[in-house]
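Next up, run20.txt (compact mmCIF, C-alpha atoms):
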```txt
# COMPACT_ATOMS: atom_id res chain seq x y z
CA MET U 2 58.03 -46.73 12.31
CA THR U 3 54.99 -44.52 12.58
CA LEU U 4 55.43 -40.79 12.80
CA THR U 5 52.64 -38.81 14.30
CA GLY U 6 52.22 -35.12 14.83
CA GLN U 7 49.58 -32.63 15.66
CA VAL U 8 48.66 -30.13 12.97
CA PRO U 9 48.15 -26.67 14.45
CA ARG U 10 44.54 -25.54 14.22
CA ARG U 11 45.19 -22.66 11.85
CA PHE U 12 46.72 -25.05 9.34
CA ALA U 13 44.03 -27.65 9.78
CA THR U 14 41.29 -25.15 9.05
CA ALA U 15 43.09 -23.91 5.96
CA ARG U 16 43.14 -27.30 4.28
CA LEU U 17 42.13 -27.15 0.65
CA LYS U 18 39.02 -28.96 -0.45
CA VAL U 19 39.10 -31.06 -3.59
CA ARG U 20 36.46 -31.04 -6.28
CA GLU U 21 36.05 -34.46 -7.85
CA ASN U 22 34.67 -36.03 -11.01
CA ILE U 23 31.05 -37.02 -10.35
CA ALA U 24 31.74 -40.32 -12.12
CA ASN U 25 34.38 -41.20 -9.53
CA LEU U 26 32.62 -40.14 -6.34
CA SER U 27 32.44 -42.96 -3.83
CA PRO U 28 28.91 -44.07 -2.88
CA THR U 29 29.41 -42.43 0.51
CA LYS U 30 30.44 -39.08 -0.98
CA LEU U 31 27.70 -39.19 -3.60
CA ASN U 32 25.15 -39.88 -0.90
CA ALA U 33 26.50 -36.99 1.21
CA PHE U 34 26.32 -34.68 -1.79
CA ARG U 35 22.72 -35.67 -2.51
CA THR U 36 21.75 -35.27 1.15
CA ALA U 37 23.28 -31.79 1.38
CA LEU U 38 21.63 -30.75 -1.86
CA ARG U 39 18.26 -32.00 -0.67
CA LYS U 40 18.55 -29.86 2.47
CA PHE U 41 19.79 -26.91 0.41
CA LEU U 42 16.77 -27.25 -1.89
CA ALA U 43 14.38 -27.43 1.05
CA ARG U 44 15.36 -23.97 2.34
CA ARG U 45 13.03 -21.24 1.10
CA ASP U 46 15.12 -18.27 2.15
CA THR U 47 18.33 -16.53 1.16
CA LEU U 48 20.36 -19.47 2.44
CA GLY U 49 18.69 -21.90 0.07
CA TYR U 50 19.33 -23.32 -3.39
CA GLU U 51 16.64 -21.34 -5.21
CA PHE U 52 18.09 -18.06 -4.00
CA TYR U 53 21.51 -18.90 -5.44
CA ALA U 54 19.96 -20.22 -8.67
CA GLY U 55 18.25 -16.85 -9.07
CA TRP U 56 21.53 -14.97 -9.32
CA HIS U 57 22.15 -16.38 -12.76
CA GLY U 58 18.77 -15.70 -14.35
CA VAL U 59 15.39 -14.98 -12.81
CA PRO U 60 15.14 -12.77 -10.86
CA LEU U 61 18.59 -11.21 -10.58
CA GLY U 62 20.21 -11.83 -13.95
CA LEU U 63 23.75 -11.10 -12.79
CA CYS U 64 25.56 -13.66 -14.95
CA GLU U 65 28.28 -12.73 -17.40
CA HIS U 66 28.49 -14.50 -20.74
CA HIS U 67 30.23 -13.93 -24.05
CA ASN U 68 32.62 -11.44 -22.57
CA GLU U 69 35.90 -11.65 -20.68
CA PHE U 70 34.21 -11.73 -17.27
CA PHE U 71 32.53 -15.05 -18.07
CA LEU U 72 35.14 -17.24 -16.35
CA PRO U 73 35.85 -15.12 -13.24
CA TRP U 74 32.19 -14.31 -12.61
CA HIS U 75 31.22 -17.97 -12.72
CA ARG U 76 34.19 -18.96 -10.55
CA GLY U 77 32.92 -16.56 -7.91
CA TYR U 78 29.39 -17.86 -8.38
CA LEU U 79 30.46 -21.47 -7.84
CA TYR U 80 32.50 -20.39 -4.82
CA TYR U 81 29.53 -18.75 -3.12
CA PHE U 82 27.18 -21.58 -4.05
CA GLU U 83 29.64 -24.16 -2.68
CA LEU U 84 29.96 -22.19 0.56
CA GLY U 85 26.18 -22.26 0.86
CA LEU U 86 26.22 -26.00 0.40
CA GLN U 87 29.09 -26.37 2.87
CA ALA U 88 27.06 -24.50 5.48
CA ILE U 89 24.96 -27.66 5.46
CA ASP U 90 27.79 -30.16 5.12
CA PRO U 91 31.34 -28.75 5.32
CA ASP U 92 32.84 -31.82 3.67
CA VAL U 93 30.84 -31.57 0.46
CA THR U 94 32.39 -30.04 -2.66
CA LEU U 95 31.01 -29.43 -6.12
CA PRO U 96 31.63 -32.37 -8.46
CA TRP U 97 32.37 -31.88 -12.15
CA TRP U 98 30.89 -33.48 -15.23
CA ASP U 99 33.67 -34.46 -17.57
CA TRP U 100 31.94 -33.77 -20.87
CA MET U 101 35.32 -33.89 -22.58
CA THR U 102 35.42 -37.68 -22.16
CA GLU U 103 31.93 -38.75 -21.15
CA ALA U 104 29.05 -39.23 -23.59
CA GLY U 105 25.62 -38.27 -22.37
CA ILE U 106 24.47 -36.97 -19.02
CA PRO U 107 26.36 -38.56 -16.08
CA GLN U 108 24.50 -41.46 -14.57
CA PRO U 109 24.07 -39.87 -11.08
CA TYR U 110 22.12 -37.04 -12.75
CA ALA U 111 20.26 -39.19 -15.27
CA THR U 112 18.20 -41.53 -13.11
CA LYS U 113 14.84 -40.33 -11.89
CA THR U 114 14.93 -42.25 -8.62
CA VAL U 115 17.59 -43.59 -6.30
CA GLY U 116 16.76 -46.31 -3.83
CA GLY U 117 13.07 -45.75 -4.41
CA LYS U 118 13.28 -42.01 -3.67
CA ALA U 119 13.32 -39.05 -6.04
CA ASN U 120 16.86 -38.28 -7.21
CA VAL U 121 17.64 -34.65 -6.33
CA LEU U 122 20.19 -34.52 -9.13
CA TYR U 123 17.62 -35.43 -11.79
CA ASP U 124 15.54 -32.26 -11.59
CA ALA U 125 14.58 -29.48 -9.19
CA PRO U 126 11.80 -26.97 -8.62
CA ILE U 127 11.82 -23.66 -10.44
CA ALA U 128 10.72 -21.38 -7.66
CA PRO U 129 12.81 -18.21 -7.72
CA LEU U 130 12.62 -16.10 -4.59
CA GLY U 131 10.64 -12.90 -5.08
CA ALA U 132 9.58 -13.63 -8.65
CA PRO U 133 6.26 -15.40 -9.09
CA LEU U 134 6.22 -17.48 -12.24
CA PRO U 135 3.79 -16.56 -15.01
CA PRO U 136 0.92 -19.01 -15.52
CA GLY U 137 1.85 -21.93 -17.72
CA SER U 138 5.58 -21.78 -17.11
CA ARG U 139 7.56 -24.80 -16.01
CA LYS U 140 7.48 -25.57 -12.30
CA ARG U 141 10.38 -28.02 -12.48
CA THR U 142 13.51 -28.21 -14.58
CA VAL U 143 13.52 -30.41 -17.66
CA ARG U 144 16.22 -31.67 -20.03
CA LYS U 145 15.94 -32.66 -23.68
CA PRO U 146 19.41 -33.90 -24.55
CA GLY U 147 20.16 -33.98 -28.25
CA HIS U 148 16.71 -32.80 -29.33
CA GLY U 149 17.81 -29.37 -30.50
CA GLY U 150 18.33 -30.30 -34.15
CA PRO U 151 21.06 -31.88 -36.27
CA SER U 152 23.58 -29.13 -35.57
CA ASN U 153 23.71 -29.92 -31.85
CA VAL U 154 27.28 -30.59 -30.73
CA PRO U 155 27.07 -33.54 -28.35
CA PRO U 156 29.57 -34.59 -25.70
CA PRO U 157 32.16 -35.97 -25.48
CA LEU U 158 34.05 -32.93 -26.76
CA GLY U 159 37.50 -34.42 -26.23
CA THR U 160 38.49 -33.79 -29.84
CA TYR U 161 38.72 -30.12 -28.86
CA THR U 162 41.09 -30.64 -25.92
CA GLN U 163 44.30 -29.72 -27.74
CA TRP U 164 42.63 -26.79 -29.49
CA LEU U 165 41.29 -25.52 -26.17
CA MET U 166 44.47 -25.96 -24.19
CA GLY U 167 46.55 -24.48 -26.99
CA ALA U 168 44.92 -21.09 -26.59
CA PRO U 169 47.79 -18.58 -26.41
CA SER U 170 46.00 -15.85 -24.49
CA TYR U 171 43.28 -15.46 -21.89
CA THR U 172 41.04 -13.79 -24.44
CA GLU U 173 41.42 -16.70 -26.84
CA PHE U 174 40.95 -19.34 -24.13
CA ASN U 175 37.84 -17.53 -22.96
CA ARG U 176 36.50 -17.48 -26.52
CA ARG U 177 37.18 -21.18 -27.08
CA VAL U 178 35.83 -22.43 -23.76
CA THR U 179 32.73 -20.28 -24.23
CA LEU U 180 32.00 -22.10 -27.49
CA LEU U 181 32.24 -25.49 -25.76
CA HIS U 182 30.23 -24.24 -22.78
CA ASP U 183 27.44 -23.06 -25.08
CA ASP U 184 27.51 -26.37 -26.98
CA VAL U 185 26.82 -28.28 -23.77
CA HIS U 186 24.05 -25.97 -22.55
CA VAL U 187 22.26 -26.15 -25.89
CA TRP U 188 22.78 -29.91 -26.27
CA VAL U 189 21.24 -30.59 -22.83
CA GLY U 190 18.30 -28.42 -23.86
CA GLY U 191 15.20 -27.69 -21.81
CA SER U 192 15.89 -25.49 -18.78
CA MET U 193 19.65 -25.70 -19.33
CA SER U 194 19.33 -23.97 -22.70
CA ASP U 195 18.07 -20.69 -21.24
CA PRO U 196 20.23 -18.54 -18.89
CA ASP U 197 17.06 -17.53 -17.04
CA TRP U 198 16.41 -21.06 -15.81
CA ALA U 199 19.64 -23.01 -16.31
CA ALA U 200 20.98 -22.65 -12.75
CA PHE U 201 17.83 -24.20 -11.30
CA ASP U 202 18.91 -27.52 -12.86
CA PRO U 203 21.38 -29.35 -10.56
CA LEU U 204 23.34 -30.38 -13.66
CA PHE U 205 24.25 -26.73 -14.22
CA TRP U 206 26.69 -26.82 -11.29
CA ALA U 207 28.50 -29.91 -12.56
CA HIS U 208 28.73 -28.34 -16.01
CA HIS U 209 30.17 -25.08 -14.74
CA THR U 210 32.53 -26.81 -12.36
CA MET U 211 33.94 -28.54 -15.44
CA VAL U 212 34.34 -25.19 -17.20
CA ASP U 213 36.12 -23.85 -14.10
CA ARG U 214 38.34 -26.93 -14.01
CA LEU U 215 39.34 -26.48 -17.66
CA TRP U 216 40.32 -22.90 -16.91
CA ARG U 217 42.33 -24.10 -13.91
CA ILE U 218 44.15 -26.67 -16.06
CA TRP U 219 44.87 -24.11 -18.75
CA GLN U 220 46.19 -21.70 -16.10
CA HIS U 221 48.48 -24.46 -14.88
CA TYR U 222 49.77 -25.15 -18.39
CA THR U 223 50.34 -21.57 -19.38
CA SER U 224 50.65 -19.36 -16.30
CA VAL U 225 48.98 -16.64 -18.36
CA PRO U 226 47.57 -14.04 -15.95
CA LEU U 227 44.21 -12.37 -16.29
CA PRO U 228 44.29 -9.16 -18.31
CA GLN U 229 44.62 -6.14 -16.03
CA ASN U 230 41.14 -4.84 -16.80
CA VAL U 231 39.65 -8.19 -15.74
CA ARG U 232 41.83 -8.37 -12.62
CA ASP U 233 40.60 -4.93 -11.61
CA ALA U 234 36.94 -5.35 -12.51
CA ALA U 235 34.47 -5.70 -9.66
CA MET U 236 31.91 -8.40 -10.38
CA SER U 237 28.37 -8.18 -9.09
CA TYR U 238 26.82 -10.56 -6.62
CA PRO U 239 23.89 -9.95 -4.25
CA LYS U 240 24.39 -7.30 -1.56
CA ARG U 241 25.41 -9.41 1.41
CA PHE U 242 28.16 -11.10 -0.60
CA ALA U 243 31.49 -9.41 -1.02
CA VAL U 244 32.18 -7.93 -4.40
CA LEU U 245 34.87 -10.02 -6.04
CA ARG U 246 37.45 -8.66 -8.42
CA GLY U 247 39.06 -10.74 -11.11
CA SER U 248 42.22 -10.86 -9.02
CA ASP U 249 40.27 -12.34 -6.08
CA VAL U 250 39.29 -15.42 -8.07
CA GLU U 251 42.30 -15.82 -10.32
CA ARG U 252 43.87 -18.60 -8.23
CA VAL U 253 41.57 -21.35 -6.99
CA ARG U 254 43.68 -21.94 -3.89
CA GLN U 255 42.77 -18.44 -2.73
CA LEU U 256 39.21 -19.72 -2.69
CA GLY U 257 40.06 -22.85 -0.74
CA TYR U 258 39.74 -25.57 -3.33
CA GLU U 259 41.65 -27.47 -5.97
CA TYR U 260 41.02 -30.05 -8.64
CA ALA U 261 44.16 -32.07 -8.05
CA GLY U 262 43.93 -34.93 -5.60
CA ILE U 263 45.52 -33.28 -2.60
CA THR U 264 45.35 -35.68 0.31
CA ASP U 265 47.11 -33.84 3.06
CA THR U 266 49.23 -30.84 3.94
CA VAL U 267 51.54 -30.26 6.89
CA PRO U 268 53.43 -27.26 8.25
CA GLY U 269 56.88 -26.57 6.86
CA THR U 270 59.88 -25.12 8.63
CA GLY U 271 57.83 -22.24 10.01
CA MET A 7 15.32 -24.07 -39.02
CA GLN A 8 16.39 -20.58 -39.96
CA ARG A 9 18.53 -20.05 -43.02
CA TRP A 10 20.88 -17.18 -43.73
CA THR A 11 23.14 -16.70 -46.76
CA SER A 12 25.71 -13.97 -47.26
CA ASP A 13 24.49 -11.58 -49.91
CA PRO A 14 26.51 -10.40 -51.69
CA PRO A 15 29.25 -13.04 -51.43
CA LEU A 16 32.30 -12.08 -49.41
CA GLU A 17 35.20 -10.83 -51.50
CA LEU A 18 38.56 -12.16 -50.36
CA PRO A 19 41.19 -11.30 -52.95
CA ILE A 20 44.04 -13.19 -51.34
CA ASP A 21 45.99 -16.03 -52.87
CA LEU A 22 45.08 -19.24 -51.03
CA VAL A 23 48.72 -20.27 -50.91
CA ASN A 24 49.43 -17.41 -48.56
CA VAL A 25 46.50 -17.91 -46.24
CA SER A 26 47.27 -19.31 -42.81
CA ARG A 27 43.91 -18.80 -41.15
CA VAL A 28 40.39 -17.72 -41.99
CA ASP A 29 37.98 -16.54 -39.32
CA LEU A 30 34.34 -15.65 -39.66
CA GLU A 31 33.27 -13.02 -37.20
CA PHE A 32 29.57 -12.67 -36.46
CA GLU A 33 29.30 -9.13 -35.18
CA GLU A 34 26.73 -8.06 -32.60
CA LEU A 35 25.13 -11.46 -32.35
CA ARG A 36 21.80 -11.15 -30.55
CA ARG A 37 21.51 -12.96 -27.21
CA ASP A 38 17.85 -12.32 -26.50
CA LEU A 39 16.27 -14.44 -29.23
CA GLY A 40 16.78 -17.87 -27.67
CA SER A 41 19.41 -20.61 -27.72
CA PHE A 42 20.26 -22.39 -30.92
CA SER A 43 22.87 -24.50 -32.63
CA ALA A 44 23.96 -23.87 -36.19
CA PHE A 45 25.81 -25.34 -39.13
CA VAL A 46 28.10 -23.03 -41.07
CA PHE A 47 29.00 -23.73 -44.70
CA VAL A 48 31.55 -22.01 -46.89
CA THR A 49 31.13 -22.44 -50.63
CA LYS A 50 32.17 -20.71 -53.83
CA GLY A 51 29.89 -18.18 -55.46
CA ASP A 52 29.03 -20.48 -58.37
CA ASP A 53 28.47 -23.62 -56.26
CA PRO A 54 24.93 -24.98 -55.96
CA LYS A 55 22.88 -23.67 -53.06
CA VAL A 56 23.46 -25.51 -49.80
CA PRO A 57 20.35 -27.65 -49.26
CA ASP A 58 18.19 -27.17 -46.18
CA ASP A 59 19.04 -30.64 -44.89
CA ALA A 60 22.81 -30.27 -45.33
CA GLY A 61 24.92 -31.48 -42.45
CA ARG A 62 28.46 -32.37 -41.47
CA SER A 63 29.01 -34.49 -44.60
CA HIS A 64 28.37 -31.58 -46.99
CA PRO A 65 31.61 -30.62 -48.82
CA GLY A 66 31.23 -26.99 -47.74
CA PHE A 67 30.73 -27.79 -44.06
CA ALA A 68 32.91 -25.43 -42.03
CA GLY A 69 31.73 -26.04 -38.50
CA ALA A 70 28.93 -26.04 -35.99
CA PHE A 71 28.42 -23.76 -33.05
CA SER A 72 25.85 -23.15 -30.35
CA LEU A 73 24.69 -20.00 -28.66
CA PHE A 74 23.40 -20.05 -25.09
CA ALA A 75 20.88 -17.25 -25.13
CA GLN A 76 17.87 -16.01 -23.24
CA HIS A 77 14.37 -16.56 -24.58
CA GLY A 78 11.69 -14.30 -23.17
CA CYS A 79 11.86 -11.82 -20.34
CA TRP A 80 10.63 -12.72 -16.87
CA GLY A 81 12.08 -9.93 -14.81
CA GLU A 82 10.92 -6.49 -13.79
CA GLU A 83 10.12 -3.82 -16.34
CA GLY A 84 13.28 -2.81 -18.15
CA HIS A 85 15.14 -5.92 -16.93
CA CYS A 86 15.79 -7.13 -20.46
CA ASP A 87 16.28 -3.75 -22.08
CA TRP A 88 19.81 -4.16 -23.37
CA GLU A 89 19.48 -1.07 -25.55
CA ARG A 90 18.98 1.25 -22.59
CA ALA A 91 20.93 4.46 -22.79
CA PRO A 92 23.25 5.60 -19.97
CA VAL A 93 21.25 7.54 -17.40
CA SER A 94 23.88 10.27 -17.27
CA ALA A 95 27.35 11.06 -18.47
CA PHE A 96 28.59 9.61 -15.18
CA ASP A 97 26.70 6.32 -15.49
CA ARG A 98 29.29 3.59 -14.81
CA THR A 99 26.83 0.70 -15.05
CA ALA A 100 28.36 -2.31 -16.74
CA GLU A 101 27.16 -3.40 -20.13
CA HIS A 102 23.81 -5.19 -20.02
CA HIS A 103 24.15 -8.95 -19.82
CA LEU A 104 22.05 -9.34 -22.96
CA ALA A 105 23.96 -6.84 -25.05
CA PRO A 106 24.93 -8.38 -28.39
CA SER A 107 28.40 -9.89 -28.57
CA ASP A 108 30.76 -11.04 -31.28
CA LEU A 109 31.41 -14.68 -32.07
CA THR A 110 34.43 -15.82 -34.06
CA LEU A 111 34.71 -19.15 -35.84
CA ASP A 112 37.90 -20.52 -37.34
CA VAL A 113 36.92 -21.93 -40.76
CA THR A 114 40.43 -22.34 -42.18
CA GLU A 115 40.06 -26.01 -43.03
CA ALA A 116 36.87 -25.52 -45.04
CA ALA A 117 38.16 -22.40 -46.76
CA LYS A 118 41.34 -24.15 -47.86
CA LYS A 119 39.28 -26.79 -49.65
CA LEU A 120 38.06 -24.12 -52.04
CA SER A 121 40.11 -23.60 -55.15
CA SER A 122 39.83 -19.84 -54.84
CA LEU A 123 39.00 -17.44 -52.07
CA GLU A 124 38.10 -14.58 -54.35
CA SER A 125 34.43 -14.90 -53.64
CA VAL A 126 32.86 -17.10 -50.98
CA VAL A 127 29.30 -17.66 -49.88
CA VAL A 128 28.60 -18.33 -46.22
CA THR A 129 25.43 -20.20 -45.37
CA VAL A 130 24.16 -20.64 -41.83
CA LEU A 131 21.43 -23.12 -40.89
CA ALA A 132 20.29 -22.34 -37.35
CA TYR A 133 18.12 -24.69 -35.29
CA PRO A 134 16.35 -23.27 -32.20
CA ALA A 135 17.07 -25.39 -29.12
CA ASP A 136 13.41 -25.44 -28.09
CA ASP A 137 11.97 -26.05 -31.52
CA PRO A 138 14.40 -27.16 -34.25
CA GLU A 139 11.69 -26.67 -36.87
CA GLY A 140 11.23 -23.03 -35.89
CA GLY A 141 13.26 -19.90 -36.59
CA GLY A 142 13.82 -16.36 -35.46
CA VAL A 143 16.88 -17.07 -33.32
CA LEU A 144 19.76 -15.90 -35.48
CA GLY A 145 20.35 -12.16 -35.52
CA PHE A 146 23.58 -10.24 -36.07
CA SER A 147 24.62 -6.95 -37.59
CA ARG A 148 27.46 -8.04 -39.89
CA LEU A 149 29.54 -11.03 -40.89
CA THR A 150 33.20 -10.26 -41.41
CA ALA A 151 35.77 -12.61 -42.88
CA LEU A 152 39.26 -12.20 -41.47
CA VAL A 153 41.96 -13.75 -43.62
CA TYR A 154 45.44 -14.00 -42.15
CA GLN A 155 48.51 -14.38 -44.37
```

Target encoding structure tokens, full file:
Amino acid sequence: MTLTGQVPRRFATARLKVRENIANLSPTKLNAFRTALRKFLARRDTLGYEFYAGWHGVPLGLCEHHNEFFLPWHRGYLYYFELGLQAIDPDVTLPWWDWMTEAGIPQPYATKTVGGKANVLYDAPIAPLGAPLPPGSRKRTVRKPGHGGPSNVPPPLGTYTQWLMGAPSYTEFNRRVTLLHDDVHVWVGGSMSDPDWAAFDPLFWAHHTMVDRLWRIWQHYTSVPLPQNVRDAAMSYPKRFAVLRGSDVERVRQLGYEYAGITDTVPGTG
Amino acid sequence: MQRWTSDPPLELPIDLVNVSRVDLEFEELRRDLGSFSAFVFVTKGDDPKVPDDAGRSHPGFAGAFSLFAQHGCWGEEGHCDWERAPVSAFDRTAEHHLAPSDLTLDVTEAAKKLSSLESVVVTVLAYPADDPEGGGVLGFSRLTALVYQ
């Protein structure tokens, strides 16, 4: 027997989007992601990739690190960036790089060309809006994985999973995940090792989506709420974007996405 | 590589048997000197100096950490001035994103290998991400050892 039904429009439009592991994206989804990113990169205005990349470092420098706003600020940042990408293709979501289990840079980001064309995930221009680059500075992102000296901490970082997920408080989880986050940035090296330029590298988004995912998993395990001062704090984004408070980004479903493999949702009893 | 050694050694007059955790807290770690990764070693005061090429196999190895930090300023004038004073008593501007922050490392395992915690030497070997041979990336105001019973 086949049961069919029509989902009311307001439910259909509220369907959560799922962020997936880049390693498991189907060829079709990976191609759609690359195509959307290419179009995003081609825009030279405040709806384009370079504008969003400039929030983190040059020219706006709004990012929060090494404090308790690190996780919520970046969750909001990913949210706005993903909306920008979805303005080009509404079905695309940000994939994550599972540096807890995967050694090295994920293959979709590591190859210079795909099908004879430049791979948009390999590198990107550094062309911040409204901030001309000084002579001699890099015009494109570069990576130097593992070239930062013997003390580099390379992925996979899975040996830290229990330690990370065992954090008993938000403050402690934030401290622990920050250490792993910094390890990955510094291990990748090149543009990724400097907050001014890191977000221009397409790999940045997969890295931070992983950080966001780890926070989501820890929230699921512990149900520990954000501290009140973080819930109340208003985080800065460019003017035309709504100020987000910690409480606005605390639950990912409020932002329309999840990491679990949700396939469908239907109305309940009403 | 930049080397730093605690001088004088840290005094920790607590019986090892009663220690459940030892943290090292780097206070006011600078975030405007560039990214780096570092080895941290914990040794006794009378142990030989940790060699420059020491790594994870050294008996005093306590851990490695990285710091994601800005190198150079490319913004408008004053953009990187994390030491700026409030413009008035009513200035509610958030702390500058480059203001120094604290970093805490749990070094319990390494500390417990020592036969005594009365006096420990902490050595940090820091490698700049851009130029592992270089230096000038590690800057902090104090190192504090927190020993929990």

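Coordinates place CA of Ala111 (chain U) at a distance of 26.8 Å from CA of Arg217 (chain U).
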
- [ ] Give as number ranges by chain every residue of chain U that touches chain A within 6 Å, counting all atoms listed in the file.
- [x] U: 60, 149-150, 152-153, 183-184, 195-196

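Residues surrounding Phe242 (chain U) within 12 Å are Thr47, Leu48, Tyr53, Trp56, Gly77, Tyr78, Tyr80, Tyr81, Phe82, Leu84, Gly85, Met236, Ser237 and Tyr238 of chain U [all atoms listed in the file; sequence separation below 4 positions excluded].
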
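Taking all atoms listed in the file into account, Arg252 (chain U) lies nearest to U:Pro73 out of the set U:Pro73, U:Val267, U:Tyr171, U:Glu103.
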
- [ ] Write out as a ChimeraX atom specification the residues lying within 7 Å of Ile127 (chain U), counting only C-alpha atoms and excluding same-chain residues fewer than 2 positions away.
- [x] /U:125,129,140-142,201

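You will find CA of Val189 (chain U) at 21.1 Å from CA of Asn175 (chain U).
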
TODO: Work out how far apart CA of Pro226 (chain U) and CA of Glu69 (chain U) are and give it in Å to one decimal.
DONE: 12.8 Å

Open item on the list: My list of candidates is A:Thr114, A:Ser147, A:Gly142, A:Val128. Which is closest to Val25 (chain A) when distances are computed with all atoms listed in the file?
Closed with: A:Thr114

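Proximity of A:Phe96, A:Phe47, A:Phe146, A:Trp88 to Ala117 (chain A), computed with all atoms listed in the file, is greatest for A:Phe47.
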
Open item on the list: Taking 4 positions as the minimum chain separation for residues in the same chain, which residues sit within 12 Å of Trp100 (chain U) when counting only C-alpha atoms? Answer as number ranges by chain.
Closed with: U: 22-24, 104-107, 154-162, 181-182, 184-186, 188-189, 204, 207-212, 214-215

Do a neighbour search on Asn120 (chain U) at 12 Å with all atoms listed in the file, toss out local chain neighbours closer than 2 positions, and write the hits as a PDB file with C-alpha atoms, keeping the file's coordinate frame.
```pdb
ATOM      1  CA  LEU U  31      27.700 -39.190  -3.600  1.00  0.00           C
ATOM      2  CA  ASN U  32      25.150 -39.880  -0.900  1.00  0.00           C
ATOM      3  CA  PHE U  34      26.320 -34.680  -1.790  1.00  0.00           C
ATOM      4  CA  ARG U  35      22.720 -35.670  -2.510  1.00  0.00           C
ATOM      5  CA  THR U  36      21.750 -35.270   1.150  1.00  0.00           C
ATOM      6  CA  LEU U  38      21.630 -30.750  -1.860  1.00  0.00           C
ATOM      7  CA  ARG U  39      18.260 -32.000  -0.670  1.00  0.00           C
ATOM      8  CA  GLN U 108      24.500 -41.460 -14.570  1.00  0.00           C
ATOM      9  CA  PRO U 109      24.070 -39.870 -11.080  1.00  0.00           C
ATOM     10  CA  TYR U 110      22.120 -37.040 -12.750  1.00  0.00           C
ATOM     11  CA  ALA U 111      20.260 -39.190 -15.270  1.00  0.00           C
ATOM     12  CA  THR U 112      18.200 -41.530 -13.110  1.00  0.00           C
ATOM     13  CA  LYS U 113      14.840 -40.330 -11.890  1.00  0.00           C
ATOM     14  CA  THR U 114      14.930 -42.250  -8.620  1.00  0.00           C
ATOM     15  CA  VAL U 115      17.590 -43.590  -6.300  1.00  0.00           C
ATOM     16  CA  GLY U 116      16.760 -46.310  -3.830  1.00  0.00           C
ATOM     17  CA  GLY U 117      13.070 -45.750  -4.410  1.00  0.00           C
ATOM     18  CA  LYS U 118      13.280 -42.010  -3.670  1.00  0.00           C
ATOM     19  CA  LEU U 122      20.190 -34.520  -9.130  1.00  0.00           C
ATOM     20  CA  TYR U 123      17.620 -35.430 -11.790  1.00  0.00           C
ATOM     21  CA  ASP U 124      15.540 -32.260 -11.590  1.00  0.00           C
ATOM     22  CA  ALA U 125      14.580 -29.480  -9.190  1.00  0.00           C
ATOM     23  CA  PRO U 203      21.380 -29.350 -10.560  1.00  0.00           C
TER      24      PRO U 203
END
```
